[in-house]
Amino acid sequence: MEFLLNRYRNLTVLLVVIAAQLLLLAYQVKSNQDVRLVRVWAVTAVTPLARILEVVRRNTIGLAEDYFDLIHVRDDNTRVKKELDRLKMENQFLKTELSTADRAQALSAFQSRTPSRTIAARIIGNGTGMNSKDVLIDRGSASGVMRGMAVVTPDGIVGRVLASYPTASQVLLITDPTFAAGVISEKNRVHGTLKGIGQSKCIIDYVQNEEKVDVGEVFYTSGDDRVFPKGLPVGVATVVRQGKTFKEIYVVPAGTQNGLEEVLVVVEGIHQEIPDAQAVASTDMYIMPAPPGDKASNAPTTDQPGGTLTTDADRMRERYKKIGAAQGHKFGEGLPGAKPANFNLDPDTVKPPQPVPGPVSPAGNLAAPKPAVTNSTPAAPPVTKPPAAKLPETNGAPPGGIVPGGVRPQTASPAAGGTVNVAPKPVVPKVVKPVTAPLQASPNL
Amino acid sequence: MNEFSDRLLTEVPRRARKFKFRPATIFLVPLAAILFQVYLPRFFQYLGYLELPLLVTVYFALMRRQPIAGVFFGAGIGLAQDSLSPNQPLGMFGIVKTLVGYFAASVSMRFDVDNPLIQFVLGFFFFFFHQFFYWVLSRALLGLQLEFDPRQTFVLGLLNAAVAVPLFMLLDKMKE
């Protein structure tokens with residue numbers, strides 16, 4: 001080294017001096033990125049060396065490290081797989097818990113929303129029969145559950161209590177072939193009887209072929225069966241076709257579609273209104289409410305004698321009968337030309353006639369005008385009511401009383417926790433007040 | 001080989017013929033050359049074409065005939081010239097004149113630099129080298145897009161070489 005320095009001393013000094021000046025220059029000058037040139041040179045000089053060193057290291061020491069690392073890979077892989085399986089199970093458990101919490105929240109929301117008094121129950125077992133569709137719930141007579149009570153979920157009806165034991169109850173699902181319940185369609189208010197067929201679908205029987213039912217129409221409980229309060233969703237019609245006598249309507253039950261784990265037992269049912277399908281369908285347009293006068297005149301008045309007057313013709317007929325009875329008029333009697341009764345009187349203020357001595361000319365009775373249909377409502381054909389739902393083992397009033405008209409009875413008040421230990425006395429309504437939905441021309445009428 | 005060529009190409013390094021200067025001379029002459037380069041072109045613009053610091057560097061390197069001395073001499077004059085150039089980083093003229101001093105001293109060891117013709121040729125050559133290498137450094141290190149006109153450089157080289165011969169004769173008076 002010393003020899004080289006002595007031999008090339010001049011050149012060495014030259015290089016040193018130039019290098020020093022280059023460093024001085026590089027320290028002053030900045031590149032376009034505002035970085036000093038000396039830094040650029042240093043990085044440019046060092047980076048390739050570092051890259052080469054890294055390549056060398058990777059191909060020598062790195063390989064050795066990889067080898068030693070791979071020794072434990074199998075054990076690590078096994079351990080990680082076990083951990084993954086455990087985490088999967090934990091994840092599944094948490095999902096289940098979350099789903100349970102969601103369902104419980106939905107049940108709680110439904111409980112607070114519905115006017116009926118319900119208690120929550122959990123499905124704890126299934127029936128043993130091959131074709132039977134029944135389940136066991138963890139609420140029994142000790143919790144106030146009694147035979148015949150309705151079992152629902154927020155999505156729809158599920159079934160009814162077939163038998164109640166102290167700690168559990170057996171629930172007959174709506175898909176059971178022996179199940180039946182009264183239903184009514186949402187749009188056209190067509191009554192029918194829901195029956196299970198042992199499959200996931202149900203049928204709605206006893207709907208005349210002349211009735212109008214659309215595919216996709218939602219059915220609700222009608223309350224006719226005295227088990228399910230009116231207004232609970234039942235399902236959606238998926239198949240509607242003409243049958244021999246009645247329509248063949250297949251319904252997908254809404255209450256059992258998402259699986260059954262938690263249900264609500266209706267210990268005290270209250271009828272609700274059935275949602276108006278038109279109002280739901282026309283949410284994007286403004287429809288004025290009906291004039292109050294028309295509504296009052298068109299609304300069915302069940303206060304009239306007879307209780308089921310639904311058309312103007314019926315009301316007019318009742319009016320004439322009342323006026324005629326007040327004046328002693330007998331319809332179908334009297335000859336042509338006889339003096340008719342005064343039918344312009346107010347039926348509420350007309351007084352019974354004084355006893356008139358002597359015979360009354362019968363001719364006047366024949367001149368009595370027939371009650372004319374003045375309303376635009378056409379004369380209704382004879383009402384064809386569907387047969388009542390044949391509920392097996394349902395004799396008389398059900399244990400779970402249903403209060404019509406959405407009025408909660410003031411009788412039984414559960415002690416605590418919404419559980420009814422003593423079944424409320426079934427209240428049989430004297431007059432079933434229909435739901436205050438707008439009057440619609442029903443094909444039944 | 002004739003007598004002229006023998007005078008030009010000596011077989012042995014001519015260490016015995018190196019000259020010495022007074023320290024004041026070595027200090028004041030380059031300073032005067034730099035002041036000339038800096039100050040006079042303000043009044044006489046055409047004097048800016050003269051590269052007196054370069055000619056002084058060449059002269060002292062030729063006369064000392066020591067590459068190391070030439071290196072430091074060129075570096076000193078170049079850095080001094082850089083320091084008086086406000087828009088130029090230190091080292092540009094320093095590097096170029098360092099190389100000029102080194103090569104001039106190396107050449108002086110092989111040629112008879114006392115010959116005016118040699119001095120003229122060397123003056124022209126080192127001016128051209130100086131200008132060209134400065135242009136290269138400016139582009140390479142500073143990224144400046146300077147123009148290099150060979151024809152103009154050639155003419156200016158002749159001019160500086162023509163000035164170098166009488167200047168060297170004048171500076172010869174200051175030898176010890």
# chains A, B, ... in the order shown; residues from 1 in each chain; ligands from 1
>>> residues_around(residues="Ile123 of chain A", least_positions_apart="4", cutoff="8 Å", atoms="only C-alpha atoms", output="PyMOL selection string")
chain A and resi 135-138+260-263
>>> write_last_selection(atoms="C-alpha atoms", output="short mmCIF file (atom, residue, chain, number, x, y, z; two decimals), in the first residue's frame")
data_model
loop_
_atom_site.label_atom_id
_atom_site.label_comp_id
_atom_site.auth_asym_id
_atom_site.auth_seq_id
_atom_site.Cartn_x
_atom_site.Cartn_y
_atom_site.Cartn_z
CA VAL A 135 -93.58 -28.81 18.73
CA LEU A 136 -93.02 -28.47 22.45
CA ILE A 137 -92.49 -25.11 24.07
CA ASP A 138 -91.02 -24.43 27.47
CA LEU A 260 -88.87 -21.59 14.87
CA GLU A 261 -86.92 -21.04 18.02
CA GLU A 262 -88.79 -18.45 20.00
CA VAL A 263 -92.53 -17.90 19.81
#
>>> select_by_dssp(residues="segment 59-167 of chain B", states="alpha helix (DSSP H)", output="JSON, numbers by chain")
{"B": [59, 60, 61, 62, 63, 64, 67, 68, 69, 70, 71, 72, 73, 74, 75, 76, 77, 78, 79, 80, 81, 82, 83, 92, 93, 94, 95, 96, 97, 98, 99, 100, 101, 102, 103, 104, 105, 106, 107, 108, 116, 117, 118, 119, 120, 121, 122, 123, 124, 125, 126, 127, 128, 129, 130, 131, 132, 133, 134, 135, 136, 137, 150, 151, 152, 153, 154, 155, 156, 157, 158, 159, 160, 161, 162, 163, 164, 165, 166, 167]}
>>> residues_around(residues="Leu141 of chain B", least_positions_apart="5", cutoff="9 Å", atoms="only C-alpha atoms", output="number ranges by chain")
A: 25-26, 29, 37; B: 136
>>> write_last_selection(atoms="N, CA and C atoms", output="PDB file, in the first residue's frame")
ATOM      1  N   LEU A  25     -18.722  20.381  -3.487  1.00  0.00           N
ATOM      2  CA  LEU A  25     -19.731  20.745  -4.484  1.00  0.00           C
ATOM      3  C   LEU A  25     -21.058  20.038  -4.201  1.00  0.00           C
ATOM      4  N   ALA A  26     -20.934  18.786  -3.883  1.00  0.00           N
ATOM      5  CA  ALA A  26     -22.155  18.015  -3.646  1.00  0.00           C
ATOM      6  C   ALA A  26     -22.883  18.490  -2.398  1.00  0.00           C
ATOM      7  N   VAL A  29     -24.844  21.715  -3.659  1.00  0.00           N
ATOM      8  CA  VAL A  29     -25.839  21.628  -4.722  1.00  0.00           C
ATOM      9  C   VAL A  29     -26.985  20.737  -4.284  1.00  0.00           C
ATOM     10  N   LEU A  37     -26.921  17.088  -3.246  1.00  0.00           N
ATOM     11  CA  LEU A  37     -26.314  16.161  -4.199  1.00  0.00           C
ATOM     12  C   LEU A  37     -25.486  15.093  -3.496  1.00  0.00           C
TER      13      LEU A  37
ATOM     14  N   VAL B 136     -18.663  20.311 -19.244  1.00  0.00           N
ATOM     15  CA  VAL B 136     -19.078  18.946 -18.880  1.00  0.00           C
ATOM     16  C   VAL B 136     -19.519  18.886 -17.431  1.00  0.00           C
TER      17      VAL B 136
END
>>> interface_residues(of="chain B", to="chain A", cutoff="7 Å", atoms="only C-alpha atoms", output="ChimeraX atom specification")
/B:67-68,71,89-91,94-95
>>> closest_residue(among="A:Gly235, A:Gly125, A:Pro275, A:Gly324", to="Asp155 of chain A", atoms="only C-alpha atoms")
A:Gly235
